[in-house]
Structures are given as structure tokens and as C-alpha cells.
file query.pdb (PDB, C-alpha atoms and all ligand atoms)
ATOM      1  CA  MET A 486      90.764 100.911 104.313
ATOM      2  CA  ASP A 487      94.246 102.398 104.196
ATOM      3  CA  LEU A 488      96.032 100.898 101.210
ATOM      4  CA  GLU A 489      98.566 103.729 100.931
ATOM      5  CA  ARG A 490     100.151 103.014 104.334
ATOM      6  CA  GLN A 491      99.867  99.303 103.623
ATOM      7  CA  LYS A 492     101.935  99.874 100.474
ATOM      8  CA  GLN A 493     104.680 101.504 102.561
ATOM      9  CA  ILE A 494     104.833  98.369 104.719
ATOM     10  CA  LYS A 495     105.265  96.199 101.625
ATOM     11  CA  GLU A 496     108.074  98.497 100.449
ATOM     12  CA  HIS A 497     109.713  98.258 103.868
ATOM     13  CA  PHE A 498     109.906  94.465 103.472
ATOM     14  CA  GLU A 499     111.190  94.642  99.904
ATOM     15  CA  GLY A 500     113.993  96.896 101.223
ATOM     16  CA  MET A 501     114.815  94.394 103.950
ATOM     17  CA  TYR A 502     115.054  91.481 101.482
ATOM     18  CA  GLN A 503     117.224  93.583  99.167
ATOM     19  CA  ALA A 504     119.529  94.320 102.126
ATOM     20  CA  GLY A 505     119.675  90.596 102.940
ATOM     21  CA  GLU A 506     117.909  91.122 106.291
ATOM     22  CA  LYS A 507     115.243  88.596 107.305
ATOM     23  CA  PRO A 508     115.546  88.131 111.089
ATOM     24  CA  TRP A 509     112.165  86.292 111.238
ATOM     25  CA  VAL A 510     113.748  83.223 109.595
ATOM     26  CA  LYS A 511     116.233  82.863 112.460
ATOM     27  CA  HIS A 512     113.497  82.350 115.018
ATOM     28  CA  GLY A 513     114.507  78.892 116.192
ATOM     29  CA  ALA A 514     112.405  75.843 117.012
ATOM     30  CA  GLU A 515     108.652  76.403 116.758
ATOM     31  CA  PRO A 516     106.876  73.354 118.229
ATOM     32  CA  ALA A 517     103.487  74.794 117.207
ATOM     33  CA  LEU A 518     104.461  74.492 113.531
ATOM     34  CA  ASP A 519     105.299  70.798 114.050
ATOM     35  CA  ASP A 520     101.898  70.398 115.739
ATOM     36  CA  PHE A 521     100.180  72.112 112.815
ATOM     37  CA  PHE A 522     101.682  69.733 110.257
ATOM     38  CA  ARG A 523     100.725  66.763 112.479
ATOM     39  CA  VAL A 524      97.092  67.911 112.758
ATOM     40  CA  LEU A 525      96.977  68.766 109.046
ATOM     41  CA  SER A 526      98.319  65.398 107.895
ATOM     42  CA  GLN A 527      95.666  63.605 109.952
ATOM     43  CA  LYS A 528      92.836  65.659 108.505
ATOM     44  CA  TYR A 529      94.088  66.403 104.969
ATOM     45  CA  PRO A 530      96.985  64.079 104.030
ATOM     46  CA  LYS A 531      97.703  65.881 100.732
ATOM     47  CA  ALA A 532      96.444  69.391 101.355
ATOM     48  CA  LYS A 533      96.433  72.362  99.037
ATOM     49  CA  ILE A 534      98.056  75.025 101.244
ATOM     50  CA  LEU A 535      98.289  78.784 100.843
ATOM     51  CA  ASP A 536     101.402  80.313 102.456
ATOM     52  CA  ILE A 537     100.446  84.010 102.770
ATOM     53  CA  GLY A 538     103.425  86.324 103.078
ATOM     54  CA  CYS A 539     105.619  83.298 102.358
ATOM     55  CA  GLY A 540     108.884  85.279 102.347
ATOM     56  CA  ASP A 541     111.833  83.204 101.114
ATOM     57  CA  GLY A 542     109.656  80.094 101.083
ATOM     58  CA  TRP A 543     111.180  78.047 103.892
ATOM     59  CA  ILE A 544     107.812  77.020 105.341
ATOM     60  CA  SER A 545     106.344  76.297 101.891
ATOM     61  CA  ILE A 546     109.268  73.986 101.169
ATOM     62  CA  ARG A 547     108.782  72.196 104.453
ATOM     63  CA  ALA A 548     105.042  71.867 103.729
ATOM     64  CA  VAL A 549     105.744  70.267 100.348
ATOM     65  CA  LYS A 550     108.211  67.850 101.913
ATOM     66  CA  GLU A 551     105.380  66.841 104.272
ATOM     67  CA  GLY A 552     103.402  65.707 101.193
ATOM     68  CA  ASN A 553     101.316  68.792 100.433
ATOM     69  CA  VAL A 554     100.979  71.053  97.395
ATOM     70  CA  VAL A 555     101.715  74.705  98.135
ATOM     71  CA  TRP A 556     100.931  78.121  96.704
ATOM     72  CA  GLY A 557     103.184  80.801  98.236
ATOM     73  CA  ILE A 558     102.449  84.485  97.759
ATOM     74  CA  ASP A 559     104.451  87.508  98.901
ATOM     75  CA  SER A 560     104.511  91.174  97.964
ATOM     76  CA  SER A 561     108.322  91.218  97.788
ATOM     77  CA  GLU A 562     109.775  90.384  94.374
ATOM     78  CA  THR A 563     113.157  89.676  95.943
ATOM     79  CA  ALA A 564     111.632  87.242  98.450
ATOM     80  CA  ILE A 565     109.803  85.374  95.682
ATOM     81  CA  GLU A 566     112.982  85.113  93.594
ATOM     82  CA  GLU A 567     114.725  83.631  96.652
ATOM     83  CA  ALA A 568     111.822  81.265  97.253
ATOM     84  CA  LYS A 569     111.868  79.995  93.660
ATOM     85  CA  GLU A 570     115.621  79.395  93.838
ATOM     86  CA  ALA A 571     115.253  77.588  97.166
ATOM     87  CA  ALA A 572     112.497  75.343  95.774
ATOM     88  CA  LYS A 573     114.679  74.440  92.797
ATOM     89  CA  ALA A 574     117.648  73.698  95.060
ATOM     90  CA  ALA A 575     115.431  71.499  97.251
ATOM     91  CA  GLY A 576     114.120  69.640  94.176
ATOM     92  CA  VAL A 577     110.486  70.543  94.919
ATOM     93  CA  ALA A 578     109.824  73.257  92.333
ATOM     94  CA  ASN A 579     107.094  71.112  90.697
ATOM     95  CA  THR A 580     104.846  71.089  93.742
ATOM     96  CA  ILE A 581     105.236  74.740  94.762
ATOM     97  CA  HIS A 582     103.731  77.723  92.988
ATOM     98  CA  PHE A 583     105.400  80.932  94.163
ATOM     99  CA  GLN A 584     104.152  84.299  92.992
ATOM    100  CA  VAL A 585     104.415  87.989  93.760
ATOM    101  CA  GLY A 586     101.068  89.312  94.976
ATOM    102  CA  ASP A 587      99.069  90.917  97.739
ATOM    103  CA  ALA A 588      97.388  89.164 100.641
ATOM    104  CA  LEU A 589      94.677  91.814 100.350
ATOM    105  CA  ASN A 590      93.918  90.873  96.733
ATOM    106  CA  LEU A 591      94.412  87.112  96.537
ATOM    107  CA  PRO A 592      94.323  85.747  92.973
ATOM    108  CA  TYR A 593      92.902  82.277  93.756
ATOM    109  CA  GLU A 594      89.569  80.584  93.160
ATOM    110  CA  LYS A 595      86.857  80.461  95.789
ATOM    111  CA  GLU A 596      87.298  77.663  98.384
ATOM    112  CA  PHE A 597      90.472  76.388  96.719
ATOM    113  CA  PHE A 598      92.606  75.614  99.808
ATOM    114  CA  GLU A 599      92.331  73.097 102.640
ATOM    115  CA  ALA A 600      94.847  75.081 104.696
ATOM    116  CA  ALA A 601      96.672  78.388 105.028
ATOM    117  CA  ILE A 602      99.795  79.498 106.834
ATOM    118  CA  ASP A 603     100.228  83.065 108.023
ATOM    119  CA  ARG A 604     103.456  83.299 109.937
ATOM    120  CA  GLY A 605     104.316  86.917 110.582
ATOM    121  CA  LEU A 606     101.989  88.689 108.147
ATOM    122  CA  PHE A 607      98.792  89.463 110.073
ATOM    123  CA  HIS A 608     100.570  91.762 112.539
ATOM    124  CA  HIS A 609     101.639  93.872 109.529
ATOM    125  CA  ILE A 610      98.077  94.290 108.289
ATOM    126  CA  LEU A 611      96.832  97.669 109.511
ATOM    127  CA  PRO A 612      93.684  97.518 111.647
ATOM    128  CA  ALA A 613      91.875  99.525 108.933
ATOM    129  CA  ASN A 614      92.599  96.700 106.463
ATOM    130  CA  ARG A 615      91.697  93.705 108.628
ATOM    131  CA  THR A 616      88.235  93.318 107.117
ATOM    132  CA  LEU A 617      89.823  93.066 103.677
ATOM    133  CA  TYR A 618      92.322  90.494 104.984
ATOM    134  CA  PHE A 619      89.504  88.328 106.350
ATOM    135  CA  GLN A 620      87.411  88.690 103.180
ATOM    136  CA  ASN A 621      90.369  87.462 101.138
ATOM    137  CA  ILE A 622      91.335  84.435 103.186
ATOM    138  CA  LEU A 623      87.725  83.420 103.840
ATOM    139  CA  LYS A 624      87.037  83.477 100.115
ATOM    140  CA  VAL A 625      89.843  81.068  99.194
ATOM    141  CA  LEU A 626      89.583  78.687 102.182
ATOM    142  CA  LYS A 627      87.271  75.678 102.201
ATOM    143  CA  PRO A 628      84.885  75.182 105.121
ATOM    144  CA  LYS A 629      86.685  73.245 107.903
ATOM    145  CA  SER A 630      90.086  74.245 106.516
ATOM    146  CA  LEU A 631      92.993  74.652 108.925
ATOM    147  CA  VAL A 632      95.131  77.746 109.505
ATOM    148  CA  TYR A 633      98.504  78.217 111.174
ATOM    149  CA  LEU A 634      98.821  81.755 112.551
ATOM    150  CA  SER A 635     101.838  83.335 114.266
ATOM    151  CA  VAL A 636     101.693  86.950 115.459
ATOM    152  CA  PHE A 637     103.707  89.311 117.644
ATOM    153  CA  SER A 638     102.745  89.169 121.311
ATOM    154  CA  THR A 639     102.564  92.248 123.538
ATOM    155  CA  LYS A 640     106.017  91.181 124.832
ATOM    156  CA  ASN A 641     107.599  91.403 121.395
ATOM    157  CA  PRO A 642     110.820  93.388 121.876
ATOM    158  CA  GLU A 643     111.292  95.318 118.621
ATOM    159  CA  GLY A 644     110.276  95.982 115.035
ATOM    160  CA  ILE A 645     107.268  97.433 113.221
ATOM    161  CA  GLY A 646     103.884  95.701 113.493
ATOM    162  CA  GLU A 647     100.880  95.322 115.765
ATOM    163  CA  ARG A 648     101.108  93.461 119.099
ATOM    164  CA  PHE A 649      98.418  91.020 120.255
ATOM    165  CA  THR A 650      97.155  89.290 123.367
ATOM    166  CA  PRO A 651      95.708  85.787 122.954
ATOM    167  CA  GLU A 652      92.327  87.292 123.889
ATOM    168  CA  LEU A 653      92.427  89.802 121.032
ATOM    169  CA  ILE A 654      93.309  87.091 118.502
ATOM    170  CA  LYS A 655      90.427  85.006 119.836
ATOM    171  CA  GLU A 656      88.107  87.986 119.412
ATOM    172  CA  LEU A 657      89.265  88.762 115.852
ATOM    173  CA  PHE A 658      89.666  85.250 114.427
ATOM    174  CA  GLY A 659      86.987  83.692 116.640
ATOM    175  CA  GLN A 660      84.335  85.245 114.401
ATOM    176  CA  TYR A 661      85.320  82.841 111.627
ATOM    177  CA  PHE A 662      87.561  80.173 113.182
ATOM    178  CA  ARG A 663      87.549  77.721 116.045
ATOM    179  CA  ILE A 664      90.804  77.874 118.032
ATOM    180  CA  LEU A 665      92.193  74.322 118.122
ATOM    181  CA  SER A 666      95.353  75.284 119.982
ATOM    182  CA  ALA A 667      97.106  78.372 121.316
ATOM    183  CA  SER A 668     100.702  78.580 122.487
ATOM    184  CA  GLN A 669     103.521  81.083 122.724
ATOM    185  CA  ASP A 670     107.295  81.280 122.602
ATOM    186  CA  PRO A 671     109.161  80.856 125.876
ATOM    187  CA  TYR A 672     109.830  84.155 127.642
ATOM    188  CA  PRO A 673     112.321  85.816 127.835
ATOM    189  CA  THR A 674     112.958  84.905 124.227
ATOM    190  CA  LEU A 675     116.386  84.593 122.633
ATOM    191  CA  ALA A 676     114.792  85.003 119.200
ATOM    192  CA  PRO A 677     114.390  88.390 117.493
ATOM    193  CA  ALA A 678     110.625  88.258 118.140
ATOM    194  CA  HIS A 679     108.151  86.941 120.693
ATOM    195  CA  LEU A 680     105.310  85.157 118.917
ATOM    196  CA  LEU A 681     101.890  83.759 119.759
ATOM    197  CA  HIS A 682     100.992  80.661 117.715
ATOM    198  CA  PHE A 683      97.524  79.364 116.861
ATOM    199  CA  ILE A 684      96.042  76.427 114.996
ATOM    200  CA  LEU A 685      92.603  77.416 113.741
ATOM    201  CA  GLU A 686      89.751  75.632 112.007
ATOM    202  CA  ARG A 687      87.372  77.555 109.780
ATOM    203  CA  THR A 688      83.789  77.497 111.011
ATOM    204  CA  GLN A 689      81.842  79.636 108.513
ATOM    205  CA  ASN A 690      81.295  79.846 104.787
ATOM    206  CA  SER A 691      82.549  82.984 103.066
ATOM    207  CA  LYS A 692      80.355  86.021 103.288
TER     208      LYS A 692
HETATM  209  C1  LIG B 701     107.793  88.772 108.991
HETATM  210  S1  LIG B 701     107.865  88.309 107.290
HETATM  211  C2  LIG B 701     107.455  86.597 107.400
HETATM  212  C3  LIG B 701     107.862  85.802 106.177
HETATM  213  C4  LIG B 701     107.586  84.277 106.269
HETATM  214  N1  LIG B 701     106.198  83.994 106.530
HETATM  215  C5  LIG B 701     108.458  83.642 107.327
HETATM  216  O1  LIG B 701     107.923  83.246 108.370
HETATM  217  O2  LIG B 701     109.686  83.565 107.114
HETATM  218  C6  LIG B 701     106.376  89.044 106.611
HETATM  219  C7  LIG B 701     106.236  88.810 105.120
HETATM  220  O3  LIG B 701     105.006  89.353 104.646
HETATM  221  C8  LIG B 701     105.240  89.968 103.373
HETATM  222  N2  LIG B 701     104.155  90.954 103.164
HETATM  223  C9  LIG B 701     103.971  92.139 103.793
HETATM  224  N3  LIG B 701     102.819  92.714 103.382
HETATM  225  C10 LIG B 701     102.274  91.873 102.468
HETATM  226  C11 LIG B 701     101.079  91.903 101.706
HETATM  227  N4  LIG B 701     100.196  92.918 101.791
HETATM  228  N5  LIG B 701     100.822  90.851 100.892
HETATM  229  C12 LIG B 701     101.687  89.815 100.782
HETATM  230  N6  LIG B 701     102.835  89.729 101.489
HETATM  231  C13 LIG B 701     103.123  90.746 102.327
HETATM  232  C14 LIG B 701     106.629  90.542 103.483
HETATM  233  O4  LIG B 701     107.220  90.799 102.241
HETATM  234  C15 LIG B 701     107.332  89.452 104.278
HETATM  235  O5  LIG B 701     107.904  88.468 103.445
END
call {"tool": "encode", "arguments": {"input": "query.pdb", "output": "C-alpha cells"}}
result
Amino acid sequence: MDLERQKQIKEHFEGMYQAGEKPWVKHGAEPALDDFFRVLSQKYPKAKILDIGCGDGWISIRAVKEGNVVWGIDSSETAIEEAKEAAKAAGVANTIHFQVGDALNLPYEKEFFEAAIDRGLFHHILPANRTLYFQNILKVLKPKSLVYLSVFSTKNPEGIGERFTPELIKELFGQYFRILSASQDPYPTLAPAHLLHFILERTQNSK
């Protein structure tokens, strides 16, 4: 485990939110996210969803508008303030629970969620802390729950964070999840990042 370097990454993001910089929001159309909500609504029409590293809450708000109940967690206080304001402005504050917290110390009950969204967090979890990441999400997810995962590809042009091939994601997540679909952004990308997208289904009970 390397929680000291992980703390520096959290501080990096808090600094970005304070400076008003969040390039990941300007990513453009993400058909895989539409697919995820379609698959989710068929399997769990009113899911309890965890949005891990929820940032300013834009995906949480969309998820609530799709008929779900959402818990969004992010280590950045500024991001969570923005998310709460955005939920109020969208009139959905009652069905979203935003809180400051750490993905590596999730404060939720065992097997509480039918789904989780990790868009842009996993590639910021240091390899030394991946086991802790999996322990946390596996604890709070129900068996057969669904996960939306977006990570930097090896073609990602800039920014801090790990880069992944589809094969490496299959190796890491395949221990606990079945890959229902895998896709990636068009390349060359006009967006600030090049992302791989996965819809996963949990296969194992927590350890
Ligand atoms: C690339 S941003 C993505 C934000 C959001 N998911 C989106 O797509 O707009 C990564 C987010 O993870 C948050 N983060 C980084 N480390 C974290 C940690 N250990 N626990 C919780 N959130 C974390 C950052 O504050 C940031 O909001």
C-alpha cells in the first residue's frame, strides 16, 4: 500500500477543482455510457448506484434522471460542493447523496449497491493500492451487480494516471467481473483524453 502518494493525487485534484479546471467533463459523447444505462435499466430498473470519484456529479445527476438512486463520493471538497449545487439546480437533490470520502475507505454497508460507476478514477489508483480498491468495491457491491468503468488507454495523450490495454483491464477486473462489453473512444481523439470503456458484471462474493 502507498497511501501517502495516493494522498498527493487527491490533493492534485482538489487543486484542479479550486482552479476551475476539469477537462474530463468536456469529453464529448460517450456511447458506452448510454449502453450502460440501457443494460442497467433492463436488469435493475431502480438501482442503488455508487458513483466513485463522482467529481462535480454530472453522471450521478444523469443516473438519477434515469430513475435510479445515487450515492456519489469524491475526495475533493470543492467537487462535492459543486455536485450538491448541481443536484439542487437540477431538482434532484432528494435522490442523490453526495459526500466527501475516499474510494479506498468506502463508508457504505456490505452489498448495498446494484451498480457502480467509475469514470476516470481507477487509472489514478496506484498499482500498490489496487488490492484495497477491489476490496472496497467488492464489499459494497451485490453479487451480479453492474459496473461502468472508463480508464485511460495507452494512447491517452496527456495528464497524470496509469494507462491500460483492454487485455490488462480484463486481467485485473476479470478476477471478479465478467466483461459484458468493451469499447474505446475513436482515435485520433478530439477530447482531452483517450478512454477505454467497459460494462462489467460482478461474478464473485466479497472475500
Ligand atoms: C478524472 S476525475 C473524474 C470525475 C468524474 N467521474 C467525471 O467523470 O467527471 C477523477 C476524480 O476522482 C477523484 N478522486 C481521486 N482520488 C480519489 C480517491 N482516492 N477517492 C475518491 N475520489 C478520488 C478526483 O477528485 C476526481 O474528481
call {"tool": "residues_near_ligand", "arguments": {"input": "query.pdb", "ligand": "ligand LIG 701 (chain B)", "cutoff": "8 Å", "atoms": "all atoms listed in the file", "output": "PyMOL selection string"}}
result
chain A and resi 491-492+494-496+498-499+502+507+509-510+536-544+558-561+564+585-589+602-606+609-610
call {"tool": "residues_around", "arguments": {"input": "query.pdb", "residues": "Ile581 in chain A", "least_positions_apart": "4", "cutoff": "7 Å", "atoms": "all atoms listed in the file", "output": "short mmCIF file (atom, residue, chain, number, x, y, z; two decimals) with C-alpha atoms, keeping the file's coordinate frame"}}
result
data_model
loop_
_atom_site.label_atom_id
_atom_site.label_comp_id
_atom_site.auth_asym_id
_atom_site.auth_seq_id
_atom_site.Cartn_x
_atom_site.Cartn_y
_atom_site.Cartn_z
CA VAL A 554 100.98 71.05 97.40
CA VAL A 555 101.72 74.70 98.14
CA TRP A 556 100.93 78.12 96.70
CA VAL A 577 110.49 70.54 94.92
#
call {"tool": "closest_atom_pairs", "arguments": {"input": "query.pdb", "of": "range 564-627 of chain A", "to": "range 653-674 of chain A", "cutoff": "10 Å", "atoms": "all atoms listed in the file", "output": "tab-separated table"}}
result
residue	atom	partner	partner_atom	distance
A:Arg615	CA	A:Leu657	CA	9.1
A:Thr616	CA	A:Leu657	CA	9.9
A:Phe619	CA	A:Phe658	CA	8.6
A:Leu623	CA	A:Tyr661	CA	8.2
call {"tool": "axis_aligned_box", "arguments": {"input": "query.pdb", "around": "range 585-601 of chain A", "padding_each_side": "8 Å", "output": "lines of an AutoDock Vina configuration file"}}
result
center_x = 95.6
center_y = 82.5
center_z = 99.0
size_x = 33.6
size_y = 34.7
size_z = 28.1
call {"tool": "closest_residue", "arguments": {"input": "query.pdb", "among": "A:Leu634, A:Lys627, A:Lys550, A:Ser545", "to": "His582 in chain A", "atoms": "all atoms listed in the file"}}
result
A:Ser545
call {"tool": "atom_distance", "arguments": {"input": "query.pdb", "atom1": "CA of Tyr633 in chain A", "atom2": "CA of Ala600 in chain A"}}
result
8.1 Å
call {"tool": "closest_residue", "arguments": {"input": "query.pdb", "among": "A:Pro628, A:Gly644, A:Gly500, A:Pro612", "to": "Leu488 in chain A", "atoms": "only C-alpha atoms"}}
result
A:Pro612
call {"tool": "resolve_selection", "arguments": {"input": "query.pdb", "expression": "the PyMOL selection byres (((chain A and resi 528) around 12) and not hetatm)", "output": "JSON, numbers by chain"}}
result
{"A": [521, 522, 523, 524, 525, 526, 527, 529, 530, 531, 532, 599, 600, 629, 630, 631, 686]}
call {"tool": "closest_residue", "arguments": {"input": "query.pdb", "among": "A:Glu594, A:Glu515, A:Asp520, A:Glu562", "to": "Lys624 in chain A", "atoms": "all atoms listed in the file"}}
result
A:Glu594
call {"tool": "atom_distance", "arguments": {"input": "query.pdb", "atom1": "CA of Lys569 in chain A", "atom2": "CA of Phe598 in chain A"}}
result
20.7 Å
call {"tool": "build_atoms", "arguments": {"input": "query.pdb", "residues": "range 527-540 of chain A", "atoms": "N, CA and C atoms", "output": "compact mmCIF listing (two decimals), in the frame of the given file"}}
result
# COMPACT_ATOMS: atom_id res chain seq x y z
N GLN A 527 96.74 64.52 109.54
CA GLN A 527 95.67 63.60 109.95
C GLN A 527 94.36 63.96 109.25
N LYS A 528 94.12 65.25 109.07
CA LYS A 528 92.84 65.66 108.50
C LYS A 528 92.86 65.72 106.98
N TYR A 529 93.94 66.27 106.43
CA TYR A 529 94.09 66.40 104.97
C TYR A 529 95.49 65.92 104.58
N PRO A 530 95.65 64.63 104.26
CA PRO A 530 96.98 64.08 104.03
C PRO A 530 97.72 64.72 102.85
N LYS A 531 97.01 65.21 101.86
CA LYS A 531 97.70 65.88 100.73
C LYS A 531 96.98 67.21 100.48
N ALA A 532 97.21 68.14 101.38
CA ALA A 532 96.44 69.39 101.36
C ALA A 532 96.96 70.37 100.31
N LYS A 533 96.04 71.18 99.80
CA LYS A 533 96.43 72.36 99.04
C LYS A 533 96.56 73.49 100.06
N ILE A 534 97.78 74.04 100.18
CA ILE A 534 98.06 75.03 101.24
C ILE A 534 98.42 76.37 100.62
N LEU A 535 97.88 77.42 101.21
CA LEU A 535 98.29 78.78 100.84
C LEU A 535 99.23 79.31 101.93
N ASP A 536 100.45 79.70 101.52
CA ASP A 536 101.40 80.31 102.46
C ASP A 536 101.39 81.82 102.17
N ILE A 537 100.68 82.57 103.04
CA ILE A 537 100.45 84.01 102.77
C ILE A 537 101.58 84.81 103.40
N GLY A 538 102.24 85.62 102.58
CA GLY A 538 103.42 86.32 103.08
C GLY A 538 104.52 85.30 103.29
N CYS A 539 104.76 84.50 102.23
CA CYS A 539 105.62 83.30 102.36
C CYS A 539 107.09 83.64 102.49
N GLY A 540 107.48 84.90 102.22
CA GLY A 540 108.88 85.28 102.35
C GLY A 540 109.77 84.45 101.43
